[in-house]
$ cat query24.pdb   # PDB, C-alpha atoms
ATOM      1  CA  MET A   1      30.756  54.995-110.037  1.00  0.00           C
ATOM      2  CA  LEU A   2      30.298  58.752-110.468  1.00  0.00           C
ATOM      3  CA  MET A   3      26.870  59.970-111.565  1.00  0.00           C
ATOM      4  CA  PRO A   4      27.710  62.565-114.251  1.00  0.00           C
ATOM      5  CA  ILE A   5      24.887  65.041-113.586  1.00  0.00           C
ATOM      6  CA  LEU A   6      24.382  64.755-109.822  1.00  0.00           C
ATOM      7  CA  GLN A   7      28.157  64.451-109.325  1.00  0.00           C
ATOM      8  CA  VAL A   8      27.749  61.858-106.563  1.00  0.00           C
ATOM      9  CA  ASN A   9      29.359  58.453-106.249  1.00  0.00           C
ATOM     10  CA  SER A  10      27.066  55.442-106.263  1.00  0.00           C
ATOM     11  CA  GLU A  11      28.718  53.976-103.169  1.00  0.00           C
ATOM     12  CA  ASP A  12      27.562  57.045-101.183  1.00  0.00           C
ATOM     13  CA  ILE A  13      23.843  56.761-102.037  1.00  0.00           C
ATOM     14  CA  PRO A  14      21.702  54.665 -99.649  1.00  0.00           C
ATOM     15  CA  GLU A  15      18.489  52.838-100.560  1.00  0.00           C
ATOM     16  CA  PHE A  16      16.218  55.500 -99.037  1.00  0.00           C
ATOM     17  CA  VAL A  17      16.114  58.969-100.624  1.00  0.00           C
ATOM     18  CA  ILE A  18      13.970  62.049-100.060  1.00  0.00           C
ATOM     19  CA  VAL A  19      13.731  64.351-103.073  1.00  0.00           C
ATOM     20  CA  CYS A  20      12.529  67.949-103.205  1.00  0.00           C
ATOM     21  CA  GLY A  21      12.551  70.786-105.690  1.00  0.00           C
ATOM     22  CA  ASP A  22      14.490  73.449-103.827  1.00  0.00           C
ATOM     23  CA  PRO A  23      18.215  73.082-102.986  1.00  0.00           C
ATOM     24  CA  LYS A  24      17.612  75.201 -99.863  1.00  0.00           C
ATOM     25  CA  ARG A  25      14.889  72.778 -98.758  1.00  0.00           C
ATOM     26  CA  ALA A  26      17.318  69.890 -99.218  1.00  0.00           C
ATOM     27  CA  GLU A  27      19.675  71.656 -96.828  1.00  0.00           C
ATOM     28  CA  THR A  28      16.817  72.226 -94.370  1.00  0.00           C
ATOM     29  CA  ILE A  29      15.951  68.523 -94.413  1.00  0.00           C
ATOM     30  CA  SER A  30      19.609  67.573 -93.963  1.00  0.00           C
ATOM     31  CA  ARG A  31      19.695  69.459 -90.644  1.00  0.00           C
ATOM     32  CA  LYS A  32      17.322  66.849 -89.240  1.00  0.00           C
ATOM     33  CA  LEU A  33      19.783  64.059 -90.048  1.00  0.00           C
ATOM     34  CA  THR A  34      22.496  62.704 -87.801  1.00  0.00           C
ATOM     35  CA  GLY A  35      25.987  63.028 -89.223  1.00  0.00           C
ATOM     36  CA  ALA A  36      24.765  64.908 -92.279  1.00  0.00           C
ATOM     37  CA  ARG A  37      27.276  65.790 -94.950  1.00  0.00           C
ATOM     38  CA  GLU A  38      26.935  67.395 -98.352  1.00  0.00           C
ATOM     39  CA  LEU A  39      28.033  65.231-101.256  1.00  0.00           C
ATOM     40  CA  ALA A  40      27.594  67.598-104.179  1.00  0.00           C
ATOM     41  CA  PHE A  41      25.865  70.741-105.469  1.00  0.00           C
ATOM     42  CA  SER A  42      25.710  70.491-109.265  1.00  0.00           C
ATOM     43  CA  ARG A  43      23.274  72.718-111.178  1.00  0.00           C
ATOM     44  CA  GLU A  44      19.949  72.459-109.306  1.00  0.00           C
ATOM     45  CA  TYR A  45      20.917  69.104-107.817  1.00  0.00           C
ATOM     46  CA  ARG A  46      22.117  69.298-104.218  1.00  0.00           C
ATOM     47  CA  THR A  47      22.701  66.059-102.319  1.00  0.00           C
ATOM     48  CA  PHE A  48      23.201  65.326 -98.637  1.00  0.00           C
ATOM     49  CA  VAL A  49      23.528  62.029 -96.759  1.00  0.00           C
ATOM     50  CA  GLY A  50      23.076  61.160 -93.097  1.00  0.00           C
ATOM     51  CA  SER A  51      20.874  59.036 -90.908  1.00  0.00           C
ATOM     52  CA  TYR A  52      17.489  59.429 -89.233  1.00  0.00           C
ATOM     53  CA  GLU A  53      16.653  57.185 -86.285  1.00  0.00           C
ATOM     54  CA  GLY A  54      19.257  54.729 -87.501  1.00  0.00           C
ATOM     55  CA  VAL A  55      18.147  54.673 -91.158  1.00  0.00           C
ATOM     56  CA  GLU A  56      20.688  55.809 -93.743  1.00  0.00           C
ATOM     57  CA  LEU A  57      19.125  58.476 -95.960  1.00  0.00           C
ATOM     58  CA  ALA A  58      20.010  60.765 -98.832  1.00  0.00           C
ATOM     59  CA  VAL A  59      18.292  64.059 -99.640  1.00  0.00           C
ATOM     60  CA  THR A  60      18.529  65.459-103.168  1.00  0.00           C
ATOM     61  CA  SER A  61      16.961  68.515-104.813  1.00  0.00           C
ATOM     62  CA  HIS A  62      15.600  68.061-108.338  1.00  0.00           C
ATOM     63  CA  GLY A  63      14.602  71.553-109.471  1.00  0.00           C
ATOM     64  CA  VAL A  64      11.358  72.536-111.209  1.00  0.00           C
ATOM     65  CA  GLY A  65       9.599  70.465-113.859  1.00  0.00           C
ATOM     66  CA  CYS A  66       9.606  66.879-115.046  1.00  0.00           C
ATOM     67  CA  PRO A  67      12.567  66.741-117.460  1.00  0.00           C
ATOM     68  CA  GLY A  68      15.204  67.932-115.023  1.00  0.00           C
ATOM     69  CA  ALA A  69      13.621  66.057-112.139  1.00  0.00           C
ATOM     70  CA  ALA A  70      13.653  62.824-114.136  1.00  0.00           C
ATOM     71  CA  VAL A  71      17.418  63.167-114.628  1.00  0.00           C
ATOM     72  CA  CYS A  72      17.743  63.320-110.842  1.00  0.00           C
ATOM     73  CA  PHE A  73      15.505  60.292-110.278  1.00  0.00           C
ATOM     74  CA  GLU A  74      17.268  58.225-112.943  1.00  0.00           C
ATOM     75  CA  GLU A  75      20.734  58.872-111.548  1.00  0.00           C
ATOM     76  CA  LEU A  76      19.652  58.246-107.944  1.00  0.00           C
ATOM     77  CA  ILE A  77      18.202  54.898-109.000  1.00  0.00           C
ATOM     78  CA  ARG A  78      21.299  54.015-110.988  1.00  0.00           C
ATOM     79  CA  ALA A  79      23.328  54.856-107.876  1.00  0.00           C
ATOM     80  CA  GLY A  80      21.297  52.401-105.787  1.00  0.00           C
ATOM     81  CA  ALA A  81      18.186  54.195-104.493  1.00  0.00           C
ATOM     82  CA  LYS A  82      15.283  51.784-103.945  1.00  0.00           C
ATOM     83  CA  THR A  83      12.694  53.990-102.205  1.00  0.00           C
ATOM     84  CA  LEU A  84      12.115  57.629-103.137  1.00  0.00           C
ATOM     85  CA  ILE A  85       9.721  60.083-101.490  1.00  0.00           C
ATOM     86  CA  ARG A  86       9.068  63.529-102.917  1.00  0.00           C
ATOM     87  CA  VAL A  87       8.206  66.399-100.589  1.00  0.00           C
ATOM     88  CA  GLY A  88       7.093  69.669-102.102  1.00  0.00           C
ATOM     89  CA  THR A  89       4.254  72.107-102.641  1.00  0.00           C
ATOM     90  CA  ALA A  90       1.165  72.103-104.834  1.00  0.00           C
ATOM     91  CA  GLY A  91      -1.864  74.205-105.695  1.00  0.00           C
ATOM     92  CA  SER A  92      -5.186  73.018-104.308  1.00  0.00           C
ATOM     93  CA  TYR A  93      -8.381  72.427-106.291  1.00  0.00           C
ATOM     94  CA  ARG A  94     -10.646  72.160-103.251  1.00  0.00           C
ATOM     95  CA  ALA A  95     -11.996  74.644-100.710  1.00  0.00           C
ATOM     96  CA  ASP A  96     -11.736  71.974 -98.000  1.00  0.00           C
ATOM     97  CA  THR A  97      -8.011  71.552 -98.732  1.00  0.00           C
ATOM     98  CA  PRO A  98      -6.669  75.088 -98.226  1.00  0.00           C
ATOM     99  CA  ALA A  99      -3.119  76.363 -97.934  1.00  0.00           C
ATOM    100  CA  GLY A 100      -1.418  74.488 -95.125  1.00  0.00           C
ATOM    101  CA  SER A 101      -3.095  71.160 -95.904  1.00  0.00           C
ATOM    102  CA  LEU A 102      -1.097  68.035 -96.753  1.00  0.00           C
ATOM    103  CA  VAL A 103      -1.932  65.698 -99.637  1.00  0.00           C
ATOM    104  CA  VAL A 104      -0.445  62.256-100.189  1.00  0.00           C
ATOM    105  CA  SER A 105      -0.460  61.651-103.941  1.00  0.00           C
ATOM    106  CA  THR A 106      -1.695  58.143-104.726  1.00  0.00           C
ATOM    107  CA  ALA A 107      -1.419  58.746-108.479  1.00  0.00           C
ATOM    108  CA  ALA A 108      -0.711  61.574-110.907  1.00  0.00           C
ATOM    109  CA  ILE A 109      -2.596  62.671-114.010  1.00  0.00           C
ATOM    110  CA  ARG A 110       0.067  62.816-116.722  1.00  0.00           C
ATOM    111  CA  THR A 111      -0.300  66.113-118.568  1.00  0.00           C
ATOM    112  CA  ASP A 112       3.462  66.671-118.786  1.00  0.00           C
ATOM    113  CA  GLY A 113       5.525  66.225-121.920  1.00  0.00           C
ATOM    114  CA  LEU A 114       8.309  64.079-120.511  1.00  0.00           C
ATOM    115  CA  THR A 115       6.407  60.929-119.542  1.00  0.00           C
ATOM    116  CA  LYS A 116       4.741  60.837-122.967  1.00  0.00           C
ATOM    117  CA  GLN A 117       8.220  60.115-124.320  1.00  0.00           C
ATOM    118  CA  LEU A 118       8.871  57.361-121.766  1.00  0.00           C
ATOM    119  CA  VAL A 119       5.691  55.267-121.756  1.00  0.00           C
ATOM    120  CA  PRO A 120       2.490  54.890-123.839  1.00  0.00           C
ATOM    121  CA  ASP A 121      -0.398  57.296-123.247  1.00  0.00           C
ATOM    122  CA  GLY A 122      -2.468  54.808-121.270  1.00  0.00           C
ATOM    123  CA  PHE A 123       0.282  53.970-118.788  1.00  0.00           C
ATOM    124  CA  PRO A 124      -0.642  55.176-115.273  1.00  0.00           C
ATOM    125  CA  ALA A 125       1.600  57.178-112.955  1.00  0.00           C
ATOM    126  CA  VAL A 126       0.911  55.482-109.621  1.00  0.00           C
ATOM    127  CA  ALA A 127       2.550  55.631-106.207  1.00  0.00           C
ATOM    128  CA  ASP A 128       3.790  52.484-104.535  1.00  0.00           C
ATOM    129  CA  SER A 129       0.910  51.512-102.242  1.00  0.00           C
ATOM    130  CA  GLN A 130       3.166  50.693 -99.286  1.00  0.00           C
ATOM    131  CA  VAL A 131       4.938  54.045 -99.520  1.00  0.00           C
ATOM    132  CA  ALA A 132       1.689  55.998 -99.937  1.00  0.00           C
ATOM    133  CA  GLU A 133       0.089  54.280 -96.960  1.00  0.00           C
ATOM    134  CA  ALA A 134       3.156  54.873 -94.773  1.00  0.00           C
ATOM    135  CA  LEU A 135       3.024  58.572 -95.647  1.00  0.00           C
ATOM    136  CA  TYR A 136      -0.716  58.847 -95.019  1.00  0.00           C
ATOM    137  CA  GLU A 137      -0.673  56.969 -91.709  1.00  0.00           C
ATOM    138  CA  THR A 138       2.303  58.974 -90.487  1.00  0.00           C
ATOM    139  CA  ALA A 139       0.767  62.315 -91.474  1.00  0.00           C
ATOM    140  CA  LEU A 140      -2.429  61.413 -89.636  1.00  0.00           C
ATOM    141  CA  ALA A 141      -0.463  60.326 -86.569  1.00  0.00           C
ATOM    142  CA  ILE A 142       1.332  63.669 -86.440  1.00  0.00           C
ATOM    143  CA  GLY A 143      -2.203  65.013 -86.166  1.00  0.00           C
ATOM    144  CA  GLU A 144      -1.951  68.612 -87.281  1.00  0.00           C
ATOM    145  CA  GLY A 145      -3.961  70.288 -90.028  1.00  0.00           C
ATOM    146  CA  VAL A 146      -5.886  68.767 -92.932  1.00  0.00           C
ATOM    147  CA  VAL A 147      -4.461  65.543 -94.384  1.00  0.00           C
ATOM    148  CA  ARG A 148      -5.872  63.941 -97.526  1.00  0.00           C
ATOM    149  CA  LYS A 149      -4.810  61.321-100.037  1.00  0.00           C
ATOM    150  CA  GLY A 150      -5.796  61.024-103.669  1.00  0.00           C
ATOM    151  CA  ILE A 151      -4.977  61.896-107.249  1.00  0.00           C
ATOM    152  CA  THR A 152      -2.868  64.911-108.159  1.00  0.00           C
ATOM    153  CA  VAL A 153      -2.136  66.544-111.524  1.00  0.00           C
ATOM    154  CA  THR A 154       1.341  67.026-112.970  1.00  0.00           C
ATOM    155  CA  LEU A 155       1.566  70.001-115.336  1.00  0.00           C
ATOM    156  CA  ASP A 156       4.438  71.654-117.174  1.00  0.00           C
ATOM    157  CA  VAL A 157       2.756  75.080-116.925  1.00  0.00           C
ATOM    158  CA  PHE A 158       3.265  77.404-113.974  1.00  0.00           C
ATOM    159  CA  PHE A 159       2.243  80.777-115.444  1.00  0.00           C
ATOM    160  CA  ASN A 160      -0.732  80.771-117.810  1.00  0.00           C
ATOM    161  CA  GLY A 161      -0.275  81.455-121.497  1.00  0.00           C
ATOM    162  CA  VAL A 162      -2.849  81.907-124.245  1.00  0.00           C
ATOM    163  CA  GLU A 163      -3.993  78.292-124.045  1.00  0.00           C
ATOM    164  CA  GLU A 164      -6.391  77.492-121.216  1.00  0.00           C
ATOM    165  CA  VAL A 165      -5.292  74.892-118.663  1.00  0.00           C
ATOM    166  CA  PRO A 166      -8.366  72.699-117.925  1.00  0.00           C
ATOM    167  CA  HIS A 167      -8.167  72.935-114.135  1.00  0.00           C
ATOM    168  CA  GLN A 168     -11.958  72.672-113.798  1.00  0.00           C
ATOM    169  CA  LYS A 169     -12.001  69.343-115.643  1.00  0.00           C
ATOM    170  CA  TYR A 170      -9.314  67.888-113.394  1.00  0.00           C
ATOM    171  CA  LYS A 171     -11.168  69.185-110.342  1.00  0.00           C
ATOM    172  CA  ALA A 172     -14.458  67.704-111.584  1.00  0.00           C
ATOM    173  CA  ALA A 173     -12.714  64.365-112.094  1.00  0.00           C
ATOM    174  CA  GLY A 174     -11.666  64.328-108.445  1.00  0.00           C
ATOM    175  CA  ALA A 175      -8.071  65.572-108.531  1.00  0.00           C
ATOM    176  CA  LEU A 176      -6.998  67.251-105.294  1.00  0.00           C
ATOM    177  CA  GLY A 177      -4.286  69.558-106.580  1.00  0.00           C
ATOM    178  CA  VAL A 178      -1.597  70.281-109.119  1.00  0.00           C
ATOM    179  CA  GLU A 179       2.211  70.294-109.122  1.00  0.00           C
ATOM    180  CA  MET A 180       5.035  69.742-111.622  1.00  0.00           C
ATOM    181  CA  GLU A 181       7.096  66.571-110.938  1.00  0.00           C
ATOM    182  CA  ILE A 182       5.195  63.645-109.400  1.00  0.00           C
ATOM    183  CA  ALA A 183       4.227  61.978-112.691  1.00  0.00           C
ATOM    184  CA  ALA A 184       7.892  61.805-113.666  1.00  0.00           C
ATOM    185  CA  LEU A 185       8.793  60.275-110.310  1.00  0.00           C
ATOM    186  CA  TYR A 186       6.106  57.596-110.502  1.00  0.00           C
ATOM    187  CA  VAL A 187       6.750  56.655-114.125  1.00  0.00           C
ATOM    188  CA  VAL A 188      10.532  56.512-113.754  1.00  0.00           C
ATOM    189  CA  ALA A 189      10.155  54.462-110.564  1.00  0.00           C
ATOM    190  CA  ALA A 190       7.799  52.036-112.296  1.00  0.00           C
ATOM    191  CA  ILE A 191       9.945  51.403-115.345  1.00  0.00           C
ATOM    192  CA  ARG A 192      13.142  51.108-113.255  1.00  0.00           C
ATOM    193  CA  GLY A 193      11.595  48.754-110.703  1.00  0.00           C
ATOM    194  CA  VAL A 194      11.795  50.835-107.515  1.00  0.00           C
ATOM    195  CA  ARG A 195       9.109  52.258-105.247  1.00  0.00           C
ATOM    196  CA  ALA A 196       8.100  55.890-104.871  1.00  0.00           C
ATOM    197  CA  GLY A 197       5.596  58.124-103.141  1.00  0.00           C
ATOM    198  CA  ALA A 198       4.962  61.817-102.623  1.00  0.00           C
ATOM    199  CA  ILE A 199       3.461  64.192-100.087  1.00  0.00           C
ATOM    200  CA  VAL A 200       2.828  67.834-100.922  1.00  0.00           C
ATOM    201  CA  ALA A 201       1.871  70.889 -98.883  1.00  0.00           C
ATOM    202  CA  MET A 202      -0.859  73.044-100.401  1.00  0.00           C
ATOM    203  CA  ASP A 203       0.514  76.571-100.862  1.00  0.00           C
ATOM    204  CA  GLY A 204      -2.630  78.167-102.332  1.00  0.00           C
ATOM    205  CA  PHE A 205      -5.484  77.517-104.734  1.00  0.00           C
ATOM    206  CA  ALA A 206      -4.926  76.620-108.382  1.00  0.00           C
ATOM    207  CA  ASP A 207      -8.679  76.909-108.967  1.00  0.00           C
ATOM    208  CA  ALA A 208      -9.344  80.443-110.247  1.00  0.00           C
ATOM    209  CA  ASP A 209     -12.730  80.506-108.507  1.00  0.00           C
ATOM    210  CA  LEU A 210     -11.035  79.966-105.135  1.00  0.00           C
ATOM    211  CA  ALA A 211      -7.792  81.876-105.544  1.00  0.00           C
ATOM    212  CA  ALA A 212      -7.815  85.450-104.294  1.00  0.00           C
ATOM    213  CA  GLU A 213      -4.036  85.802-104.503  1.00  0.00           C
ATOM    214  CA  TYR A 214      -1.045  83.479-104.512  1.00  0.00           C
ATOM    215  CA  ASP A 215       1.472  83.815-101.688  1.00  0.00           C
ATOM    216  CA  PRO A 216       3.410  80.655-100.851  1.00  0.00           C
ATOM    217  CA  ASN A 217       5.635  82.483 -98.371  1.00  0.00           C
ATOM    218  CA  THR A 218       3.337  82.355 -95.356  1.00  0.00           C
ATOM    219  CA  ASN A 219       3.716  80.837 -91.905  1.00  0.00           C
ATOM    220  CA  VAL A 220       0.837  78.470 -92.654  1.00  0.00           C
ATOM    221  CA  VAL A 221       2.657  77.033 -95.665  1.00  0.00           C
ATOM    222  CA  ALA A 222       5.997  76.936 -93.837  1.00  0.00           C
ATOM    223  CA  ASP A 223       4.407  74.950 -91.006  1.00  0.00           C
ATOM    224  CA  ALA A 224       2.891  72.505 -93.506  1.00  0.00           C
ATOM    225  CA  VAL A 225       6.258  72.014 -95.218  1.00  0.00           C
ATOM    226  CA  GLU A 226       7.798  71.279 -91.818  1.00  0.00           C
ATOM    227  CA  ARG A 227       5.089  68.670 -91.150  1.00  0.00           C
ATOM    228  CA  GLU A 228       5.528  67.002 -94.512  1.00  0.00           C
ATOM    229  CA  ILE A 229       9.285  66.772 -94.030  1.00  0.00           C
ATOM    230  CA  ASN A 230       8.804  65.148 -90.626  1.00  0.00           C
ATOM    231  CA  THR A 231       6.196  62.861 -92.176  1.00  0.00           C
ATOM    232  CA  ALA A 232       8.546  61.734 -94.941  1.00  0.00           C
ATOM    233  CA  LEU A 233      11.391  61.075 -92.511  1.00  0.00           C
ATOM    234  CA  GLN A 234       9.220  59.058 -90.138  1.00  0.00           C
ATOM    235  CA  ALA A 235       7.628  57.173 -93.038  1.00  0.00           C
ATOM    236  CA  MET A 236      11.101  56.185 -94.252  1.00  0.00           C
ATOM    237  CA  VAL A 237      11.862  54.713 -90.834  1.00  0.00           C
ATOM    238  CA  LYS A 238       8.589  52.764 -90.940  1.00  0.00           C
ATOM    239  CA  LEU A 239       9.345  51.478 -94.442  1.00  0.00           C
ATOM    240  CA  ALA A 240      12.883  50.477 -93.442  1.00  0.00           C
ATOM    241  CA  LYS A 241      11.507  48.434 -90.551  1.00  0.00           C
ATOM    242  CA  GLN A 242       8.955  46.767 -92.831  1.00  0.00           C
ATOM    243  CA  GLY A 243      11.749  45.724 -95.184  1.00  0.00           C
TER     244      GLY A 243
END
$ encode --input "query24.pdb" --output "structure tokens"
Amino acid sequence: MLMPILQVNSEDIPEFVIVCGDPKRAETISRKLTGARELAFSREYRTFVGSYEGVELAVTSHGVGCPGAAVCFEELIRAGAKTLIRVGTAGSYRADTPAGSLVVSTAAIRTDGLTKQLVPDGFPAVADSQVAEALYETALAIGEGVVRKGITVTLDVFFNGVEEVPHQKYKAAGALGVEMEIAALYVVAAIRGVRAGAIVAMDGFADADLAAEYDPNTNVVADAVEREINTALQAMVKLAKQG
């Protein structure tokens, strides 16, 4: 069956899928796969399939923001995906988690608009515990840089407007950082009965008191993205072996 937005056939999508925002990053991840081939590039959604250490994997880009990303997650699940891991970047709230650090998101604070239209306000956006632990253990085993796990924030806002985003409140409540898609991933996964997790590389500080300037295009961030990709791939192998 053809997925109308992703433009992929369901018979080509394996159970294990890595998702990321950037189509170029999807291509980068695909180069680590054996026998990689591109299935489709439709809008912001670019999909590759291949294998990693014997595990059949797909890699799909989902673009920026929850609404478009949710379309990607829904169609991947309808095509047969059972385990999804997001790799991406986020802004840090903590001085001890600077650019180049990795954070495994155990849950997401839902400040986006999309998930409010999918589930009631009190419904949590939570990672699958097995997936989150596989990501965290693997990141620690790789043993480079700062690795943390905890709650992240999902916002719709990237550039500030006239309304103030309450970053300080989220920070005071213990959130580690902020990004734009994880809440959608966790809510869609929960209501569709699949498992999901996410690992993000900090690319700067979202906290105005810590941020001198924002430059995600540094070697430090690039190295962290490389580590998170390797972490996600190795975690998928671990999860496949666990069954």
$ atom_distance --input "query24.pdb" --atom1 "CA of Leu6 (chain A)" --atom2 "CA of Lys241 (chain A)"
28.3 Å
$ resolve_selection --input "query24.pdb" --expression "the PyMOL selection byres ((chain A and resi 98) around 9)" --output "compact mmCIF listing (two decimals) with C-alpha atoms, in the coordinates of the input"
# COMPACT_ATOMS: atom_id res chain seq x y z
CA GLY A 91 -1.86 74.20 -105.70
CA SER A 92 -5.19 73.02 -104.31
CA TYR A 93 -8.38 72.43 -106.29
CA ARG A 94 -10.65 72.16 -103.25
CA ALA A 95 -12.00 74.64 -100.71
CA ASP A 96 -11.74 71.97 -98.00
CA THR A 97 -8.01 71.55 -98.73
CA ALA A 99 -3.12 76.36 -97.93
CA GLY A 100 -1.42 74.49 -95.12
CA SER A 101 -3.10 71.16 -95.90
CA VAL A 146 -5.89 68.77 -92.93
CA MET A 202 -0.86 73.04 -100.40
CA ASP A 203 0.51 76.57 -100.86
CA GLY A 204 -2.63 78.17 -102.33
CA PHE A 205 -5.48 77.52 -104.73
$ residues_near_point --input "query24.pdb" --point "(15.3, 70.7, -108.1)" --cutoff "6 Å" --atoms "only C-alpha atoms" --output "VMD selection string"
chain A and resid 21 to 22 44 to 45 61 to 64
$ resolve_selection --input "query24.pdb" --expression "the PyMOL selection byres ((chain A and resi 104) around 8)" --output "ChimeraX atom specification"
/A:102-103,105-106,132,135-136,147-150,197-200
$ axis_aligned_box --input "query24.pdb" --around "region 128-144 of chain A" --padding-each-side "3 Å" --output "AutoDock Vina command-line options"
--center_x 1.3 --center_y 59.7 --center_z -95.4 --size_x 13.4 --size_y 23.9 --size_z 24.4
$ residues_around --input "query24.pdb" --residues "Gln234 (chain A)" --least-positions-apart "4" --cutoff "8 Å" --atoms "only C-alpha atoms" --output "mmCIF file with C-alpha atoms, keeping the file's coordinate frame"
data_model
loop_
_atom_site.group_PDB
_atom_site.id
_atom_site.type_symbol
_atom_site.label_atom_id
_atom_site.label_comp_id
_atom_site.auth_asym_id
_atom_site.auth_seq_id
_atom_site.Cartn_x
_atom_site.Cartn_y
_atom_site.Cartn_z
ATOM 1 C CA THR A 138 2.303 58.974 -90.487
ATOM 2 C CA ASN A 230 8.804 65.148 -90.626
ATOM 3 C CA LYS A 238 8.589 52.764 -90.940
#
$ atom_distance --input "query24.pdb" --atom1 "CA of Ile182 (chain A)" --atom2 "CA of Glu27 (chain A)"
20.8 Å
$ resolve_selection --input "query24.pdb" --expression "the PyMOL selection byres ((chain A and resi 155) around 9)" --output "PDB file with C-alpha atoms, in the coordinates of the input"
ATOM      1  CA  GLY A  65       9.599  70.465-113.859  1.00  0.00           C
ATOM      2  CA  CYS A  66       9.606  66.879-115.046  1.00  0.00           C
ATOM      3  CA  ILE A 109      -2.596  62.671-114.010  1.00  0.00           C
ATOM      4  CA  ARG A 110       0.067  62.816-116.722  1.00  0.00           C
ATOM      5  CA  THR A 111      -0.300  66.113-118.568  1.00  0.00           C
ATOM      6  CA  ASP A 112       3.462  66.671-118.786  1.00  0.00           C
ATOM      7  CA  GLY A 113       5.525  66.225-121.920  1.00  0.00           C
ATOM      8  CA  VAL A 153      -2.136  66.544-111.524  1.00  0.00           C
ATOM      9  CA  THR A 154       1.341  67.026-112.970  1.00  0.00           C
ATOM     10  CA  ASP A 156       4.438  71.654-117.174  1.00  0.00           C
ATOM     11  CA  VAL A 157       2.756  75.080-116.925  1.00  0.00           C
ATOM     12  CA  PHE A 158       3.265  77.404-113.974  1.00  0.00           C
ATOM     13  CA  VAL A 178      -1.597  70.281-109.119  1.00  0.00           C
ATOM     14  CA  GLU A 179       2.211  70.294-109.122  1.00  0.00           C
ATOM     15  CA  MET A 180       5.035  69.742-111.622  1.00  0.00           C
ATOM     16  CA  GLU A 181       7.096  66.571-110.938  1.00  0.00           C
ATOM     17  CA  ALA A 183       4.227  61.978-112.691  1.00  0.00           C
TER      18      ALA A 183
END
$ atom_distance --input "query24.pdb" --atom1 "CA of Ala107 (chain A)" --atom2 "CA of Gln242 (chain A)"
22.3 Å
$ residues_near_point --input "query24.pdb" --point "(-0.4, 68.4, -91.7)" --cutoff "9 Å" --atoms "all atoms listed in the file" --output "list of chain:residue names"
A:Gly100, A:Ser101, A:Leu102, A:Val103, A:Ala139, A:Leu140, A:Ile142, A:Gly143, A:Glu144, A:Gly145, A:Val146, A:Val147, A:Ala201, A:Asp223, A:Ala224, A:Val225, A:Glu226, A:Arg227, A:Glu228, A:Thr231
$ decode --input "query24.pdb" --residues "region 103-113 of chain A" --atoms "N, CA, C and O atoms" --output "CSV table (one decimal), in the first residue's frame"
chain,number,residue,atom,x,y,z
A,103,VAL,N,21.3,14.4,25.1
A,103,VAL,CA,20.2,14.2,26.1
A,103,VAL,C,19.2,13.2,25.5
A,103,VAL,O,18.7,13.4,24.4
A,104,VAL,N,19.0,12.2,26.3
A,104,VAL,CA,17.9,11.2,26.0
A,104,VAL,C,16.6,11.7,26.7
A,104,VAL,O,16.6,11.9,27.9
A,105,SER,N,15.6,12.0,25.8
A,105,SER,CA,14.4,12.5,26.3
A,105,SER,C,13.5,11.4,26.9
A,105,SER,O,13.0,10.5,26.1
A,106,THR,N,13.2,11.4,28.2
A,106,THR,CA,12.4,10.4,28.8
A,106,THR,C,10.9,10.8,28.7
A,106,THR,O,10.0,10.0,28.8
A,107,ALA,N,10.7,12.1,28.5
A,107,ALA,CA,9.3,12.6,28.4
A,107,ALA,C,9.4,14.0,27.9
A,107,ALA,O,10.4,14.7,27.9
A,108,ALA,N,8.3,14.5,27.3
A,108,ALA,CA,8.3,15.9,26.7
A,108,ALA,C,7.1,16.7,27.3
A,108,ALA,O,6.0,16.2,27.4
A,109,ILE,N,7.4,17.9,27.7
A,109,ILE,CA,6.4,18.9,28.1
A,109,ILE,C,5.7,19.3,26.9
A,109,ILE,O,6.3,19.8,25.9
A,110,ARG,N,4.3,19.2,26.8
A,110,ARG,CA,3.5,19.4,25.7
A,110,ARG,C,3.1,20.9,25.6
A,110,ARG,O,2.0,21.2,26.1
A,111,THR,N,3.9,21.7,25.0
A,111,THR,CA,3.4,23.1,24.8
A,111,THR,C,3.1,23.4,23.3
A,111,THR,O,2.8,24.5,23.0
A,112,ASP,N,3.1,22.3,22.5
A,112,ASP,CA,2.8,22.5,21.1
A,112,ASP,C,1.2,22.5,20.9
A,112,ASP,O,0.5,22.2,21.8
A,113,GLY,N,0.8,22.9,19.7
A,113,GLY,CA,-0.6,22.9,19.4
A,113,GLY,C,-1.2,21.6,18.9
A,113,GLY,O,-2.3,21.3,19.2
